[in-house]
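Asks: Sharing target17.pdb, PDB, C-alpha atoms:
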```
ATOM      1  CA  MET A   1      -1.235   0.130  -8.904  1.00  0.00           C
ATOM      2  CA  LYS A   2      -1.250  -2.844 -11.255  1.00  0.00           C
ATOM      3  CA  THR A   3      -3.698  -4.636  -8.983  1.00  0.00           C
ATOM      4  CA  ALA A   4      -6.020  -1.617  -8.969  1.00  0.00           C
ATOM      5  CA  ALA A   5      -5.903  -1.307 -12.744  1.00  0.00           C
ATOM      6  CA  ASN A   6      -6.306  -5.008 -13.447  1.00  0.00           C
ATOM      7  CA  TYR A   7      -9.160  -5.658 -11.027  1.00  0.00           C
ATOM      8  CA  TYR A   8     -11.044  -2.364 -10.727  1.00  0.00           C
ATOM      9  CA  VAL A   9     -11.202  -1.035 -14.294  1.00  0.00           C
ATOM     10  CA  PRO A  10     -13.834  -3.201 -16.020  1.00  0.00           C
ATOM     11  CA  ASP A  11     -13.536  -1.817 -19.589  1.00  0.00           C
ATOM     12  CA  THR A  12     -10.908  -4.028 -21.248  1.00  0.00           C
ATOM     13  CA  ALA A  13      -9.719  -1.456 -23.794  1.00  0.00           C
ATOM     14  CA  GLU A  14      -9.469   1.311 -21.183  1.00  0.00           C
ATOM     15  CA  ARG A  15      -7.734  -1.033 -18.742  1.00  0.00           C
ATOM     16  CA  GLN A  16      -5.127  -1.902 -21.379  1.00  0.00           C
ATOM     17  CA  LYS A  17      -4.493   1.797 -22.068  1.00  0.00           C
ATOM     18  CA  LEU A  18      -4.137   2.458 -18.340  1.00  0.00           C
ATOM     19  CA  VAL A  19      -1.737  -0.460 -17.853  1.00  0.00           C
ATOM     20  CA  VAL A  20       0.462   0.999 -20.616  1.00  0.00           C
ATOM     21  CA  GLU A  21       0.564   4.287 -18.664  1.00  0.00           C
ATOM     22  CA  LEU A  22       1.345   2.686 -15.266  1.00  0.00           C
ATOM     23  CA  LYS A  23       5.139   2.693 -15.568  1.00  0.00           C
ATOM     24  CA  GLY A  24       5.165   6.432 -16.203  1.00  0.00           C
ATOM     25  CA  ILE A  25       2.601   7.081 -13.462  1.00  0.00           C
ATOM     26  CA  GLU A  26       4.663   5.040 -10.992  1.00  0.00           C
ATOM     27  CA  GLU A  27       7.887   6.875 -11.907  1.00  0.00           C
ATOM     28  CA  ARG A  28       6.281  10.317 -11.561  1.00  0.00           C
ATOM     29  CA  VAL A  29       4.501   9.405  -8.320  1.00  0.00           C
ATOM     30  CA  ARG A  30       7.749   8.009  -6.869  1.00  0.00           C
ATOM     31  CA  ALA A  31       9.567  11.239  -7.787  1.00  0.00           C
ATOM     32  CA  ALA A  32       6.776  13.234  -6.109  1.00  0.00           C
ATOM     33  CA  MET A  33       7.010  11.005  -3.017  1.00  0.00           C
ATOM     34  CA  VAL A  34      10.765  11.594  -2.759  1.00  0.00           C
ATOM     35  CA  SER A  35      10.239  15.330  -3.201  1.00  0.00           C
ATOM     36  CA  ALA A  36       7.506  15.377  -0.547  1.00  0.00           C
ATOM     37  CA  VAL A  37       9.674  13.495   1.953  1.00  0.00           C
ATOM     38  CA  GLU A  38      12.660  15.759   1.308  1.00  0.00           C
ATOM     39  CA  GLY A  39      10.437  18.842   1.654  1.00  0.00           C
ATOM     40  CA  LYS A  40       8.803  17.451   4.807  1.00  0.00           C
ATOM     41  CA  GLN A  41       5.407  17.637   3.109  1.00  0.00           C
ATOM     42  CA  LYS A  42       2.602  15.265   4.062  1.00  0.00           C
ATOM     43  CA  THR A  43       0.939  14.886   0.666  1.00  0.00           C
ATOM     44  CA  PRO A  44      -1.108  11.664   0.767  1.00  0.00           C
ATOM     45  CA  PHE A  45      -0.229   8.934  -1.726  1.00  0.00           C
ATOM     46  CA  LYS A  46      -3.767   8.978  -3.128  1.00  0.00           C
ATOM     47  CA  ASP A  47      -3.422  12.680  -3.998  1.00  0.00           C
ATOM     48  CA  LEU A  48      -0.144  12.124  -5.843  1.00  0.00           C
ATOM     49  CA  VAL A  49      -1.706   9.302  -7.861  1.00  0.00           C
ATOM     50  CA  ARG A  50      -4.863  11.297  -8.577  1.00  0.00           C
ATOM     51  CA  GLN A  51      -2.809  14.237  -9.908  1.00  0.00           C
ATOM     52  CA  GLU A  52      -0.957  11.963 -12.315  1.00  0.00           C
ATOM     53  CA  VAL A  53      -4.067  10.119 -13.465  1.00  0.00           C
ATOM     54  CA  GLU A  54      -6.016  13.339 -14.048  1.00  0.00           C
ATOM     55  CA  ALA A  55      -3.226  14.570 -16.325  1.00  0.00           C
ATOM     56  CA  LEU A  56      -3.501  11.539 -18.631  1.00  0.00           C
ATOM     57  CA  THR A  57      -4.987  12.173 -22.056  1.00  0.00           C
ATOM     58  CA  THR A  58      -5.063   8.562 -23.266  1.00  0.00           C
ATOM     59  CA  ILE A  59      -7.822   7.246 -20.966  1.00  0.00           C
ATOM     60  CA  ASN A  60     -11.380   8.411 -20.478  1.00  0.00           C
ATOM     61  CA  GLU A  61     -12.810  10.176 -17.421  1.00  0.00           C
ATOM     62  CA  LYS A  62     -14.747   7.136 -16.234  1.00  0.00           C
ATOM     63  CA  THR A  63     -11.548   5.054 -16.108  1.00  0.00           C
ATOM     64  CA  LYS A  64      -9.708   7.847 -14.300  1.00  0.00           C
ATOM     65  CA  THR A  65     -12.501   7.978 -11.713  1.00  0.00           C
ATOM     66  CA  GLN A  66     -12.571   4.191 -11.237  1.00  0.00           C
ATOM     67  CA  PHE A  67      -8.811   3.933 -10.809  1.00  0.00           C
ATOM     68  CA  ALA A  68      -8.406   6.967  -8.550  1.00  0.00           C
ATOM     69  CA  GLY A  69     -11.472   5.822  -6.617  1.00  0.00           C
ATOM     70  CA  ILE A  70     -10.013   2.493  -5.518  1.00  0.00           C
ATOM     71  CA  ILE A  71      -6.631   4.062  -4.744  1.00  0.00           C
ATOM     72  CA  SER A  72      -8.336   6.677  -2.556  1.00  0.00           C
ATOM     73  CA  THR A  73     -10.070   4.032  -0.432  1.00  0.00           C
ATOM     74  CA  LEU A  74      -6.890   2.101   0.355  1.00  0.00           C
ATOM     75  CA  PRO A  75      -4.781   2.674   3.485  1.00  0.00           C
ATOM     76  CA  LEU A  76      -1.476   3.397   1.693  1.00  0.00           C
ATOM     77  CA  ALA A  77       1.307   5.596   3.101  1.00  0.00           C
ATOM     78  CA  TYR A  78       4.936   6.490   2.467  1.00  0.00           C
ATOM     79  CA  ASN A  79       5.594   9.565   4.642  1.00  0.00           C
ATOM     80  CA  ASN A  80       5.758   8.321   8.211  1.00  0.00           C
ATOM     81  CA  VAL A  81       7.411   4.987   7.465  1.00  0.00           C
ATOM     82  CA  PRO A  82      11.123   5.694   7.024  1.00  0.00           C
ATOM     83  CA  ALA A  83      12.188   2.038   7.208  1.00  0.00           C
ATOM     84  CA  ILE A  84       9.877   1.150   4.329  1.00  0.00           C
ATOM     85  CA  PHE A  85      10.156   4.141   2.011  1.00  0.00           C
ATOM     86  CA  ARG A  86      12.680   6.866   2.796  1.00  0.00           C
ATOM     87  CA  THR A  87      15.615   4.722   3.961  1.00  0.00           C
ATOM     88  CA  LEU A  88      15.282   2.130   1.198  1.00  0.00           C
ATOM     89  CA  GLU A  89      14.707   4.796  -1.443  1.00  0.00           C
ATOM     90  CA  LYS A  90      17.863   6.702  -0.424  1.00  0.00           C
ATOM     91  CA  LYS A  91      19.921   3.524  -0.320  1.00  0.00           C
ATOM     92  CA  THR A  92      18.629   2.145  -3.630  1.00  0.00           C
ATOM     93  CA  PRO A  93      16.470   4.503  -5.709  1.00  0.00           C
ATOM     94  CA  GLY A  94      13.295   2.824  -6.866  1.00  0.00           C
ATOM     95  CA  GLN A  95      13.203   0.349  -3.969  1.00  0.00           C
ATOM     96  CA  GLY A  96      11.241   2.325  -1.357  1.00  0.00           C
ATOM     97  CA  GLY A  97       7.895   0.744  -0.591  1.00  0.00           C
ATOM     98  CA  LEU A  98       4.411   1.694   0.488  1.00  0.00           C
ATOM     99  CA  PHE A  99       3.057   0.925   3.931  1.00  0.00           C
ATOM    100  CA  SER A 100      -0.448  -0.358   4.466  1.00  0.00           C
ATOM    101  CA  ILE A 101      -2.475  -1.850   7.259  1.00  0.00           C
ATOM    102  CA  PHE A 102      -5.546  -3.794   6.219  1.00  0.00           C
ATOM    103  CA  VAL A 103      -7.959  -4.624   9.023  1.00  0.00           C
ATOM    104  CA  SER A 104      -8.725  -8.334   8.949  1.00  0.00           C
ATOM    105  CA  ASP A 105     -12.281  -9.545   8.634  1.00  0.00           C
ATOM    106  CA  LEU A 106     -11.431 -11.661  11.697  1.00  0.00           C
ATOM    107  CA  CYS A 107     -11.041  -8.503  13.834  1.00  0.00           C
ATOM    108  CA  LYS A 108     -12.977  -8.746  17.087  1.00  0.00           C
ATOM    109  CA  GLY A 109     -12.670  -5.060  17.951  1.00  0.00           C
ATOM    110  CA  CYS A 110     -10.599  -5.581  21.105  1.00  0.00           C
ATOM    111  CA  GLY A 111      -8.263  -2.653  20.352  1.00  0.00           C
ATOM    112  CA  GLU A 112      -5.024  -4.481  21.179  1.00  0.00           C
ATOM    113  CA  CYS A 113      -3.492  -3.563  17.818  1.00  0.00           C
ATOM    114  CA  VAL A 114      -4.260   0.116  18.449  1.00  0.00           C
ATOM    115  CA  GLN A 115      -2.516  -0.065  21.839  1.00  0.00           C
ATOM    116  CA  VAL A 116       0.524  -1.829  20.382  1.00  0.00           C
ATOM    117  CA  CYS A 117       0.752   0.750  17.610  1.00  0.00           C
ATOM    118  CA  GLY A 118       0.834   3.419  20.312  1.00  0.00           C
ATOM    119  CA  ASP A 119       1.728   6.964  19.353  1.00  0.00           C
ATOM    120  CA  HIS A 120       2.266   6.140  15.686  1.00  0.00           C
ATOM    121  CA  ASP A 121      -1.413   6.926  15.022  1.00  0.00           C
ATOM    122  CA  ALA A 122      -1.562   4.324  12.237  1.00  0.00           C
ATOM    123  CA  LEU A 123      -4.699   2.755  13.750  1.00  0.00           C
ATOM    124  CA  ARG A 124      -7.610   4.215  15.671  1.00  0.00           C
ATOM    125  CA  MET A 125     -10.678   2.714  17.244  1.00  0.00           C
ATOM    126  CA  THR A 126     -13.792   4.223  15.732  1.00  0.00           C
ATOM    127  CA  VAL A 127     -17.545   3.796  15.733  1.00  0.00           C
ATOM    128  CA  GLU A 128     -18.726   1.074  13.374  1.00  0.00           C
ATOM    129  CA  THR A 129     -20.930   2.360  10.554  1.00  0.00           C
ATOM    130  CA  GLU A 130     -22.200   0.943   7.256  1.00  0.00           C
ATOM    131  CA  GLU A 131     -19.841   3.257   5.390  1.00  0.00           C
ATOM    132  CA  LEU A 132     -16.856   2.146   7.472  1.00  0.00           C
ATOM    133  CA  ASN A 133     -17.754  -1.521   6.979  1.00  0.00           C
ATOM    134  CA  ALA A 134     -18.033  -0.994   3.214  1.00  0.00           C
ATOM    135  CA  SER A 135     -14.636   0.708   3.144  1.00  0.00           C
ATOM    136  CA  LEU A 136     -13.015  -2.033   5.240  1.00  0.00           C
ATOM    137  CA  THR A 137     -14.549  -4.747   3.077  1.00  0.00           C
ATOM    138  CA  THR A 138     -13.240  -3.077  -0.080  1.00  0.00           C
ATOM    139  CA  ALA A 139      -9.751  -2.835   1.420  1.00  0.00           C
ATOM    140  CA  GLN A 140      -9.853  -6.448   2.651  1.00  0.00           C
ATOM    141  CA  ILE A 141     -10.823  -7.752  -0.776  1.00  0.00           C
ATOM    142  CA  PHE A 142      -8.118  -5.633  -2.411  1.00  0.00           C
ATOM    143  CA  SER A 143      -5.500  -6.916   0.045  1.00  0.00           C
ATOM    144  CA  ARG A 144      -6.270 -10.495  -0.991  1.00  0.00           C
ATOM    145  CA  LEU A 145      -5.472  -9.618  -4.601  1.00  0.00           C
ATOM    146  CA  LEU A 146      -2.021  -8.252  -3.771  1.00  0.00           C
ATOM    147  CA  PRO A 147       1.125 -10.346  -4.194  1.00  0.00           C
ATOM    148  CA  ASP A 148       3.018 -11.379  -1.056  1.00  0.00           C
ATOM    149  CA  THR A 149       5.081  -8.610   0.515  1.00  0.00           C
ATOM    150  CA  PRO A 150       8.806  -8.963  -0.282  1.00  0.00           C
ATOM    151  CA  GLN A 151      10.907  -9.855   2.767  1.00  0.00           C
ATOM    152  CA  LYS A 152      12.971  -6.647   2.551  1.00  0.00           C
ATOM    153  CA  TYR A 153       9.904  -4.675   3.671  1.00  0.00           C
ATOM    154  CA  LEU A 154       9.154  -6.929   6.608  1.00  0.00           C
ATOM    155  CA  GLY A 155      12.029  -5.750   8.772  1.00  0.00           C
ATOM    156  CA  LEU A 156      14.029  -7.982  11.028  1.00  0.00           C
ATOM    157  CA  TYR A 157      11.238 -10.259  12.154  1.00  0.00           C
ATOM    158  CA  ASN A 158      12.368 -13.861  12.251  1.00  0.00           C
ATOM    159  CA  ARG A 159       9.857 -16.279  13.721  1.00  0.00           C
ATOM    160  CA  TRP A 160      12.575 -18.698  14.829  1.00  0.00           C
ATOM    161  CA  ARG A 161      14.603 -16.047  16.636  1.00  0.00           C
ATOM    162  CA  THR A 162      11.426 -14.729  18.235  1.00  0.00           C
ATOM    163  CA  ALA A 163      10.645 -18.260  19.424  1.00  0.00           C
ATOM    164  CA  GLY A 164      14.082 -18.418  21.086  1.00  0.00           C
ATOM    165  CA  PHE A 165      15.933 -20.707  18.685  1.00  0.00           C
ATOM    166  CA  ALA A 166      19.670 -20.146  18.393  1.00  0.00           C
ATOM    167  CA  ARG A 167      20.941 -18.484  15.200  1.00  0.00           C
ATOM    168  CA  GLY A 168      17.369 -17.680  14.194  1.00  0.00           C
ATOM    169  CA  ARG A 169      16.823 -21.012  12.419  1.00  0.00           C
ATOM    170  CA  ALA A 170      14.365 -23.831  12.829  1.00  0.00           C
ATOM    171  CA  PRO A 171      15.500 -26.731  14.992  1.00  0.00           C
ATOM    172  CA  GLU A 172      17.223 -29.499  13.050  1.00  0.00           C
ATOM    173  CA  SER A 173      15.317 -32.715  12.522  1.00  0.00           C
ATOM    174  CA  PRO A 174      16.709 -35.800  14.327  1.00  0.00           C
TER     175      PRO A 174
END
```
Let me see whether you can do it: turn the structure in this file into structure tokens.
Replies:
Amino acid sequence: MKTAANYYVPDTAERQKLVVELKGIEERVRAAMVSAVEGKQKTPFKDLVRQEVEALTTINEKTKTQFAGIISTLPLAYNNVPAIFRTLEKKTPGQGGLFSIFVSDLCKGCGECVQVCGDHDALRMTVETEELNASLTTAQIFSRLLPDTPQKYLGLYNRWRTAGFARGRAPESP
């Protein structure tokens, strides 16, 4: 949410007021996410954020619209990703993460990623339109502004183990 506030709210004074509110927004949204998961509800992340932002009295309507607008265009999820949110959040409250898939601008449209994803329904092939391209471009630009994903959210992938090296480490130099 810091990235959205810092890069998508142009009014400096309003941005500063929003940044002050972010800790509270994040805490309330996280509590709502936990409640939704426990209640087996499928409330989208963007809706939880929008509810919290609309309730703010310290920022103007234009800022609320700008902030909620960028959040609503991003592919962010917490519900169907137990290894990223639910499991980590139960183990260590405050550590559950958000899941996102940003389509690369290098995508050739072959559909292999959709096949690999399988029944998870996280990706779908769709007809290319100007609106879709605008949405994908916005998400791609946003993804470049994000910090690197912490290793704890990346699962057990180890490029050396995948490549067949013993103990999952790079080969030693002679």
Asks: Translate the PyMOL selection byres ((chain A and resi 99) around 9), as applied to the file shown, into an explicit residue set as a JSON list (two decimals) with C-alpha atoms, in the frame of the given file.
Replies:
```json
[["chain", "number", "residue", "atom", "x", "y", "z"],
["A", 75, "PRO", "CA", -4.78, 2.67, 3.48],
["A", 76, "LEU", "CA", -1.48, 3.40, 1.69],
["A", 77, "ALA", "CA", 1.31, 5.60, 3.10],
["A", 78, "TYR", "CA", 4.94, 6.49, 2.47],
["A", 80, "ASN", "CA", 5.76, 8.32, 8.21],
["A", 81, "VAL", "CA", 7.41, 4.99, 7.46],
["A", 84, "ILE", "CA", 9.88, 1.15, 4.33],
["A", 85, "PHE", "CA", 10.16, 4.14, 2.01],
["A", 97, "GLY", "CA", 7.90, 0.74, -0.59],
["A", 98, "LEU", "CA", 4.41, 1.69, 0.49],
["A", 100, "SER", "CA", -0.45, -0.36, 4.47],
["A", 101, "ILE", "CA", -2.48, -1.85, 7.26],
["A", 153, "TYR", "CA", 9.90, -4.68, 3.67]]
```
Asks: CA of Val37 in chain A and CA of Thr3 in chain A, how far apart in Å?
Replies: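 Those two atoms sit 25.0 Å apart.
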Asks: What's the 10 Å shell around range 8-10 of chain A, counting all atoms listed in the file, without same-chain residues fewer than 5 positions away, as number ranges by chain?
Replies: A: 2-3, 15-16, 18, 62-71, 142
Asks: So that I can see what lies close to Lys42 in chain A, please list as a PDB file with C-alpha atoms, in the frame of the given file the residues with an atom at most 12 Å from it, counting only C-alpha atoms and leaving out residues fewer than 3 positions away in the same chain.
Replies:
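Everything below was put into selection_13.pdb:
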```
ATOM      1  CA  ALA A  32       6.776  13.234  -6.109  1.00  0.00           C
ATOM      2  CA  MET A  33       7.010  11.005  -3.017  1.00  0.00           C
ATOM      3  CA  VAL A  34      10.765  11.594  -2.759  1.00  0.00           C
ATOM      4  CA  SER A  35      10.239  15.330  -3.201  1.00  0.00           C
ATOM      5  CA  ALA A  36       7.506  15.377  -0.547  1.00  0.00           C
ATOM      6  CA  VAL A  37       9.674  13.495   1.953  1.00  0.00           C
ATOM      7  CA  GLU A  38      12.660  15.759   1.308  1.00  0.00           C
ATOM      8  CA  GLY A  39      10.437  18.842   1.654  1.00  0.00           C
ATOM      9  CA  PHE A  45      -0.229   8.934  -1.726  1.00  0.00           C
ATOM     10  CA  LYS A  46      -3.767   8.978  -3.128  1.00  0.00           C
ATOM     11  CA  ASP A  47      -3.422  12.680  -3.998  1.00  0.00           C
ATOM     12  CA  LEU A  48      -0.144  12.124  -5.843  1.00  0.00           C
ATOM     13  CA  ALA A  77       1.307   5.596   3.101  1.00  0.00           C
ATOM     14  CA  TYR A  78       4.936   6.490   2.467  1.00  0.00           C
ATOM     15  CA  ASN A  79       5.594   9.565   4.642  1.00  0.00           C
ATOM     16  CA  ASN A  80       5.758   8.321   8.211  1.00  0.00           C
ATOM     17  CA  VAL A  81       7.411   4.987   7.465  1.00  0.00           C
TER      18      VAL A  81
END
```
Asks: I would like the residues chosen by the PyMOL selection byres ((chain A and resi 20) around 12) on the shown file; could you give them as number ranges by chain?
Replies: A: 1-2, 5-6, 13-19, 21-26, 56, 58-59
Asks: In terms of the shortest atom-to-atom distance over all atoms listed in the file, which of A:Val29, A:Leu74, A:Ala139, A:Met125 is closest to Ser104 in chain A?
Replies: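 Smallest distance to Ser104 in chain A is found for A:Ala139.
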Asks: Looking at A:Thr73, A:Ala4, A:Pro93, A:Pro82, which one is nearest to Leu132 in chain A, with distances taken over only C-alpha atoms?
Replies: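 Of A:Thr73, A:Ala4, A:Pro93, A:Pro82, the one nearest Leu132 in chain A is A:Thr73, counting only C-alpha atoms.
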